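Notes follow once the structure below has been shown.
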Amino acid sequence: MLHLWTGMLHVVGSAMATYILAAVMKGRAMPWTVFAVVMSHLLLSHWNRYMWPTDAVEISGPQMVLIMKLSTFAWNVYDGRQKLESLDESQKETRIAAMPDLLSYFGYVFYFPAFLIGPALTYADYMAWINETSFQKSGAGPSNSQDKQRIPSGRKRVALQKLVLGLVGIGYYAVYGSKFGYDIMLTGEWKQNPLWYRLAFTQLMGFTQRTKYYGAWMLTEGACIFSGYGFNGYDKKGQPLWNKAANVDILNIELAPNFKILLDSWNINTNTWLRNSVYKRLVKPGEKPTSMTTLYTFMTSAIWHGVYPGYYLTFFLGSLLSSAAKGARRYFRPFFLPALANSSAASKFAPPSTLKRVYDVLGTATTIVILNYIVAPFMILGFWDSLHAWWSLYAYGHVIVIGFLIWGNALGGFGYLAAMAKKRALKASTKEAWEAKESMTTPAAPGTPFGELEMPALGGLVKDIQANGNGKANGHVNGNGRKMASTDRSAL
């Protein structure tokens, strides 16, 4: 249908090379060797597309999906040869204990609904779909194993919903894509418009260009669900979840309160691949990821996308934005939360305060405005054209991101905020301890037996006071009251 006869030889060649290397090599060098081989093969296809551009469908797109499958397969085989105690939970779920036969392997490689643009499922998920064991997930679903309906309900309905959303996205882009394209920034008329107009128009361009990805990913997700793949257990109400094949969460992108949530919701399977096959694998056991780990992961994503300079401009600035977003969340966010958000006396279920809502609204606006600026080179591709487009907006994304990092790191802004947060928490803990002490010394009402008085639990409070007083609070607290490590990764 696509006349990719030569391209199919490329796909079969990469798949066969991966299978042989995974079977023959036994050490940690095996998955990295597979990664180097298949990535080098992809770069040749990318270079061919760069030197001889074409609007026709060519093999580099399916190869990008294939690389995610093959490198993940290699790491899963490697994990299958390791001791279980050395693996994390996701690695335990996806490990391959024994090399599969060629028929099962090539069935996985050429799984049709996801062959062209994904999602890149793991071999364990593929076999669970083949054997229908994925429909036996624990949860609040049907407990009758003799139920005639082995495939949970809702599959066709959800698949049709994805079909409709996909057609809407593709249709919108077909009508408005050329009217709101980033190449407009390269015309002479663009800079004649006032700055406010260029800023507003950039936001429309960003949204419009995203709709083609929304449409394509919704269509392929619907195809996977219709085939039976995509079941992800049951929710708390016992309703089936068909979101395992999801590659995008539109609302969490367009209304993301911060850059981490946006990245986690965009090209989800690629981010999962980068996290599990690159980011986590670059960190040695017992060590924590660094900013360089994030940079290497972003650069891997750029190489995976192609050789056009625009990709590297976007992903390099994206890695800086990721670091800036971590700094904002770690040092600014605590001032919009209760001073003792981690106290046992603080309510974990209280609704967000007005100040926290303002923080989220400002975060959403800042995130989407910077995103629409950063992705300009990704769409324009050329180096000088990309710089020209950025400069036409007075490089506002660079000013915000790099300026914030310089202020926070070089000028000591982050240290100042950390000290202020510590003093704020210590003051609040002292006040809370005093109020607790006063409540303990309040006399009982006449006629009330002493044994019926409810004594406040101070154990957690004292620990909070000691932690804040000694400066041992190494992290921040999320909205659910759980302490998060300060080195939490950013979603790629």
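Residues are referred to by chain and number: the chain letter is A, B, ... according to the order shown in the structure tokens, the number counts from 1 in that chain, and ligands are numbered separately from 1 in the order shown.
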For region 189-194 of chain A, please output as an mmCIF file with N, CA and C atoms, in the first residue's frame all residues within 9 Å (counting only C-alpha atoms; exclusion window: fewer than 4 positions along the same chain).
data_model
loop_
_atom_site.group_PDB
_atom_site.id
_atom_site.type_symbol
_atom_site.label_atom_id
_atom_site.label_comp_id
_atom_site.auth_asym_id
_atom_site.auth_seq_id
_atom_site.Cartn_x
_atom_site.Cartn_y
_atom_site.Cartn_z
ATOM 1 N N ILE A 184 5.163 31.394 8.759
ATOM 2 C CA ILE A 184 4.706 32.778 8.616
ATOM 3 C C ILE A 184 5.707 33.734 9.261
ATOM 4 N N MET A 185 6.433 33.238 10.284
ATOM 5 C CA MET A 185 7.427 34.080 10.956
ATOM 6 C C MET A 185 8.560 34.499 10.035
ATOM 7 N N ARG A 198 2.039 39.549 17.388
ATOM 8 C CA ARG A 198 2.926 38.407 17.127
ATOM 9 C C ARG A 198 2.881 37.400 18.274
ATOM 10 N N LEU A 199 2.828 37.922 19.505
ATOM 11 C CA LEU A 199 2.751 37.023 20.657
ATOM 12 C C LEU A 199 1.440 36.233 20.648
ATOM 13 N N SER A 392 12.353 37.432 16.161
ATOM 14 C CA SER A 392 11.176 38.236 15.850
ATOM 15 C C SER A 392 10.253 38.362 17.059
ATOM 16 N N LEU A 393 10.436 37.484 18.048
ATOM 17 C CA LEU A 393 9.679 37.548 19.302
ATOM 18 C C LEU A 393 10.551 38.072 20.438
#
Would you give me, as number ranges by chain, the residues in region 38-89 of chain A that DSSP reads as helix (DSSP H, G or I)?
A: 38-51, 60-80, 84-86, 89
Among listed residues A:Lys92, A:Arg210, A:Lys179, A:Lys427, nearest Ile250 (chain A) (using only C-alpha atoms)
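For Ile250 (chain A), the nearest of the given residues is A:Arg210.
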Smallest atom-to-atom distance to Thr18 (chain A): which of A:Asn267, A:Asn48, A:Thr33, A:Thr366, using only C-alpha atoms?
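Distance minimum relative to Thr18 (chain A) lands on A:Thr33.
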